[in-house]
Each structure stands twice: as C-alpha cells, then as structure tokens.
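Chemist: Below is a structure I'd like to ask you about.
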There are 2 protein chains.
Amino acid sequence: MTAPDARYQARGVSAGKAEVHAAIADQDAGLFPGAFCKILPDLLTADPDACVLMHADGAGTKSSLAYLAWMEGLGESVWAGIAQDSLVMNLDDCGCVGALGPFLISNTIGRNAKRIPGTVIKGIIDGYTRLCDQLNDEGIACHMTGGETADVGDLVRTVIADSTIFARLRRAQVVDAGRMAPGDVIVSFSSTGQARWEDQPNSGMGSNGLTSARHDALGADYRAKYPETYAPETDASLVYCGPHAVADALPGDPAFTVGGALLSPTRTYLPLIKALLDELPVNDVHGLIHCSGGGQAKIGKFGAVRDGRGNRYVKDALLPVPPLFTMLREASGTSWQEAYTVWNMGARLEAIVPADKADICLAVAKDCAIEAVISGRVEQADGPKHEVVISTEQGTFRY
Amino acid sequence: MTAPDARYQARGVSAGKAEVHAAIADQDAGLFPGAFCKILPDLLTADPDACVLMHADGAGTKSSLAYLAWMEGLGESVWAGIAQDSLVMNLDDCGCVGALGPFLISNTIGRNAKRIPGTVIKGIIDGYTRLCDQLNDEGIACHMTGGETADVGDLVRTVIADSTIFARLRRAQVVDAGRMAPGDVIVSFSSTGQARWEDQPNSGMGSNGLTSARHDALGADYRAKYPETYAPETDASLVYCGPHAVADALPGDPAFTVGGALLSPTRTYLPLIKALLDELPVNDVHGLIHCSGGGQAKIGKFGAVRDGRGNRYVKDALLPVPPLFTMLREASGTSWQEAYTVWNMGARLEAIVPADKADICLAVAKDCAIEAVISGRVEQADGPKHEVVISTEQGTFRY
C-alpha cells in the first residue's frame, strides 16, 4: 500500500490508520484471525459451536455533507440516508463473515443542539428503523435496541451518527477470508444501479473517502457560508476547493445532482450475501470483502501465508468506473494509483470463490438486480506479503 | 421536574432531553418497562429464561475538559480517566438492572487528528483495558471486543469517546425498579472518598453536567486560548466565565485541584452492586438508581403506579454536599432546586430496599469503603405522578 496522499493527510484523515493500529496492537485477533471482522468465542453462553461479534462504525463525515445539503434545501431525507450509511458500513462488514442476523443494533448520536434540531434526530432515528424494517422483510432480522443521543456541542460541530452491532452465529457458518487461495476467482458486485430492494438508483458512494470527496467536489462559497462543516485547522486551500455546487448535475450522469450522488445512501449487500450463502456451501465462499476504507486494495489485508508465500490479488476486469468517482478523481487531482485505495471505484463488495462457483455468484447478483463480473483471480505471490494488482486501461497499479 | 435552567439551554444542553424522547417515543419499552435500562428477550438463543441488554453512553464533554487540562500540563493520565468515564456511565447503568457480566464492550472514538495525536488514542484505549482488568479482578467479567477510531475533524473539535455494552442475564436476576413501593427505604452511596478498588480519592464527579461545570468553574483566559473546546455558537458570556484555573486548589478540599476534581474518573459501583446482590435476594432489591443525568431527581422517572397513585421519594437525610458541588453551585449561581437535578451532589448510586434490609446495604458499603446512609424513604403520592422531595438545611425541593 502506498503512503496516503499528502492532500489526504493535510485534511487530518489517515486512510492507513497506522496510529490507531499501533494503539490496539496488543488486542487479540479472535477466533478467526483471518476473517474480515474480529470474531470472539460465545462469551455469553459458552457454546463451543457458537461465536459472537460486536462491531462499530458510523457515517463519518458524510453527516457534515448531509448538514450542508440540508441547509442548501436538499430536504429532510438526507438524514434517513445518514442512518443508512452508519448502519450499512457496519452490517455489511458483519455480512462479510457470514453473519446474517439476528442483529442487535444500538446507535450513538452526538449533536450540536444549536445547529441540529430535534426533527433531524427524529429523521436519523426513523432512518435506522426504516432500514431495519426493510431488512426484516428480506429475512435478515434486525432489532434496534436503543441508543444514546447526547447534546455535545462543545465536541461536535454539527452531528455525528455511529452505530454498534452485536451478532451471534455458528462457528461452522463463518466466512473466513483466511481461506482465500491461489486458483480462486474474484467476483465484484457493482455499487451502482438499483438493487431489487432499493427504491432509487445508487451512485456507488459508500461512507468512506467523504472528507476528501466533499472538499474536492464542492465549491468555495461553502467555505465562508458553512464554517461549522469543517475543521478550522485545515488549510483554507483544501477546504471546499472543488468546482461544484450541491445542486449541479453530476458530470456524466445528469440523473444525479452532485450533492445527491455524494449523499446516495450506502447500499447494503446483505440480501445478496444471504442469497449467496443460500446457494453455496460456506466452504466454497473463501472470502467476502467489503471494499470500504482501502477501496479496491483492501483485500490485500486478508489471506493466509502458505509455505512462505502470500496471495497476489489480480483484478484486471473491473466494472467501469462510475461517473461519480470519475468526477471525484478529476476534481481532486487524485492519481489513479491512489483513487483505487480511497473509493470503491464501482464495486463495494467482492466474493472470492473457486473458479467453478463464479457462475452461481453471477446468477445470484442477477436475481438481486446488481451487476457483477469476474473481475480477477488469486495467484501465489513471490514472497510472504499479499499483493494487489489492479490492471485497467489507465495502467497497472500495485499495492 | 422543573424546566432546565435557561443558562443550561443557552449552552445547547437539554438535561430533560424532551426532543430525544419525542424522537424515540415509538420504540417499545422492553421486557421490564419499569427497569432502569431497556431489557430485551434473548433474541440470540431464544432462551425464555434469559434476556439481553445493549447499552450506549459516553464521556460526553468531559473529554473537552480533559483536552484543556492536558494542554495545560495535567498529564497523560487524563485520557485513561476519559475511558473510565465513558465505560462507567454505561456499566453502572447496566449494574442497576442486576447485570454483572460478562460484559462485551465496544468503543467508538472520533478525533480531530490535527489536535489529537496517536498517543492520546492509545491513552484512551489503554484506559479501557485497565478498567476491564480491574473489574475482571473483582469477578466482573469485561471483554473489550474492539471498536472504531475515526479521523473526523470536520465533525469533532477535539475527541469524543463513546462505548456500547452488551450483556445477557437470567430474567430472574433482573432488578426491576418498577418494584419500588411505599414503605421502602432509600440508601445512598457516596460518590466521594476512596473505594476499596480505587487507587486515589474521588471528588464525586460523574460524566454528566460537565458542560455547565466546565464553563462555570473555569476562567476566561481559556476562552481565547482554547476555542477548539467549545461551540462557537455559544454566547461568549457563558464560555469559561468562572473564577478558576485548572491548577487552582479546590475550595474546601485543597487535596484536589479544580481540574483534578472535575476530571476525577467516574467511580464504578459495580463491585458494591455485586456484593449487594450476593447478600440480598434480588426480590429484596426493589431498585438501584444511577444518579447520572437528572441527579438526585432521576429516581422520579421510575416506579409503578398502584391504584392510581405513584411513588413519592422523600430524601431528607442525604450525605453532605461535597466541596466540588458546592464550588460548582456557587460558581454557576445554580439554585439549590436545580443543582440536585444537574449533579449527583454526593451520591451517584442509591438502593431502594425494604426497611429491614437497609442494614445489609450499609454493611456492604462499609466493606467497600464507601460511605452510605439511609437517605430517605418511599411514600405513596397523592396522584398518579411520581414525586421527588429533597429536604435539606437549605430548604425543601420538589420535582
């Protein structure tokens, strides 16, 4: 993985999170050290066949953009989107280890009451409920257990929305990405389009890379107009230094506004994962990777080292880059090399399966109305380190 | 409950949280609607004798004060204190329904990386681990499951530390505050002194009322020096408008500095609750109340209405008000009436038990080196609403 771009660091966001990883270096890796999420023994009932996971994530700075768009008149629905972002960043991580509910969900919302009225809190909480209802209808049980909403204007500029999920599953049901091995193929599932369970098209956005996306895409009059939406310590030349207003048409896809594309609620792939695990024995699902922070290079963090040699993940047939990411890459002057580590670039989920199981993945995706391709394969690396190689018309990028 | 003071509202903090309660009005109340925390059926294993709870809370704006004190040279240990605050506000809530572990704990930290280096994150995470180790030694199993640390400087001015806890317990083990009834006595447990499991004396502070406490106690040169520690929307006359520097001796107890007293890590009462439930059958523990937000008036939110009549909680023999709260009350000009709803005023836990069981509570407290008194009793109210009556030398205050 290359060092994060200086521009990214200058905004106080470390994609690599080296400091955070150092701080938690002493914590144990759980029952399945190779799995996408940390999995613990069933500490509640001590059932040796069961395991549990507890997972936290949030909408990140996407809520700062939601606030700006809401102030600009994009409507109250942005807040339900933030709830979905906060929850899906979590749920889809859990899905990648094979957890498909029941999920017990708690949310933590911190607000600046001087900026964020109760109607916004209600919009966010209703958004959580709506997504849970949708997933319940898909046979994925989600229970909102409650949460905490705190008035912390001395800490939070606008509003922050995090969630924490608890799940219990059979150990035999765990998808362990440590099983990804040379010979497997990689199936990538589009982050765009309109899945069977969605009521509007998705731009492809998740809830990561938003600090960069927001400042590089949006224009300078927001800098003076909404100082509450960014860290005042950031160099002004990096704040809202892009070409667009939120209401501008998205270049390349005028069905979206720029603001609408950036705020497009993060797709949940859980119904697709559920269908996949209904069709394939878990032993044939060698890995499910949620391409969130780290983007298309994220897979390089996972895999076992066999006989001193890691995996080389070669992706040379990725889906086309959606207009949103083209706009973001161009507006920010991000290199292609880096772009694949910041955004999902068109596919936020990938399945790593034996070659003869790829067709089943493609058929499941079709049923879900989600575009999918065999984007690549797993090879043996020369040394012990996992490698990611992305080959496109623009060049070959190694991580 | 009287309306929160305008001063409190003007700082963007609503002690009554009316807006939040309106936003979650539709959510169900759980298995034990009268219990201190929401308790759900065991949705994981469907065991009819078990139940679960998931609970979220955090250190609130205490972390803003920790930042200021850290900048002023009070040392790195303030960060372990913030972890303890975040965790104890949660754990002690759970203890009040009889949950004594195993606890599964996740934390969510949001930071402004321009202000908060990795050493601070490590200090907070180590603080979580240290408290868990301590509680494990007391026979209260705590497992850190992981968490999320996000660089969100566009949302967070300094650092915010929240945690979420999951626990499972037998339904027969639940302390249900709905059972508090006329004839019971109230035993209050001091929030000051040094409990058996503590390595330093406690000022009595919890992690609520901190926005008010910080601005009313601390002096004006911090306003210009640390603009990152408060909401710029707040009227300047309410920001750091107090008489003290963090290093000043606490009036009335020079063993503490003002900063040290405000940052005194929130005491956990869990070992005391454990001892209490070891000594008394759960049916004799009619209620355990964590006097956090709402202070001494919080108990008024709990209790059953019988024959159209609620409970009247009369406390006329409370422990003396610790020097910290005297300082805060005086510095802020808070009325006595309100002070009892903002701070714990000397006791952050109370047990409501049949009169003949009070001696056992007092003996348990003595073993824990925590001062305790029979502070009052439960009477029958005249109408269906619960009432709280606090009688002191300064007057009688009704809520």
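Each chain in the structure tokens gets a letter, A, B, ..., in the order shown, and its residues are numbered from 1; ligands are numbered from 1 in order too.
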Please identify every residue of chain A that has at least one atom no more than 6 Å from any atom of chain B, counting only C-alpha atoms, and report them as a PyMOL selection string.
Modeler: chain A and resi 12-13+19+23+56-57+113-114+118+122+147-148+151+153-157+229-231
Chemist: Skip Arg348 of chain B itself and residues of its chain fewer than 4 positions away, then list as a PyMOL selection string all residues within 6 Å of it, counting only C-alpha atoms.
Modeler: chain B and resi 191+290-291+344
Chemist: Among segment 36-136 of chain A, which ones does DSSP place in strand (DSSP E or B), written as a list in words?
Modeler: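 Those residues are Leu40, Pro41, Ala50, Cys51, Val52, Leu53, Met54, His55, Ala56, Asp57, Gly58, Phe103, Leu104, Ile105, Ser106, Asn107, Thr108, Ile109, Gly110 and Arg111 of chain A.
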Chemist: Can you tell me, as a list in words, what residues are no more than 12 Å from Val282 of chain B when counting only C-alpha atoms, ignoring any on the same chain fewer than 6 positions away?
Modeler: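 Result of the neighbour search: Cys96, Val97, Gly98, Ala99, Arg170, Arg171, Ala172, Gln173, Val174, Val175, Asp176, Ala177, Arg179, Ile273, Lys274, Ala275, Leu276, Leu288, Ala351, Ile352, Val353, Pro354 and Lys357 of chain B.
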Chemist: I'd like the interatomic distance between atom CA of Gly193 of chain A and atom CA of Leu349 of chain A, to a tenth of an Å.
Modeler: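 We find that atom CA of Gly193 of chain A and atom CA of Leu349 of chain A lie 13.9 Å from each other.
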Chemist: Do you have the atom CA of Glu72 of chain A-atom CA of Arg214 of chain A distance handy?
Modeler: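 Calculated distance between atom CA of Glu72 of chain A and atom CA of Arg214 of chain A is 14.4 Å.
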Chemist: Can you tell me, as a compact mmCIF listing (two decimals) with C-alpha atoms, in the first residue's frame, what residues are no more than 8 Å from Ala247 of chain B when counting only C-alpha atoms, ignoring any on the same chain fewer than 2 positions away?
Modeler:
```txt
# COMPACT_ATOMS: atom_id res chain seq x y z
CA ALA B 245 -7.74 27.87 36.64
CA ALA B 249 -6.78 24.31 44.73
CA THR B 257 -7.06 20.88 42.10
CA VAL B 258 -10.15 22.25 40.39
CA GLY B 259 -9.16 20.48 37.17
CA GLY B 260 -8.36 17.25 39.00
```
Chemist: In segment 95-312 of chain A, what's alpha helix (DSSP H) per DSSP? Answer as a ChimeraX atom specification?
Modeler: /A:95,118-137,210-217,221-225,258-263,270-279
Chemist: What's the 12 Å shell around Tyr313 of chain A, counting only C-alpha atoms, without same-chain residues fewer than 3 positions away, as a PyMOL selection string?
Modeler: chain A and resi 180-187+296-303+310+316+350+352+375-381+385-391+397-399
Chemist: Do you have the atom CA of Pro320 of chain B-atom CA of Ala347 of chain B distance handy?
Modeler: 9.4 Å
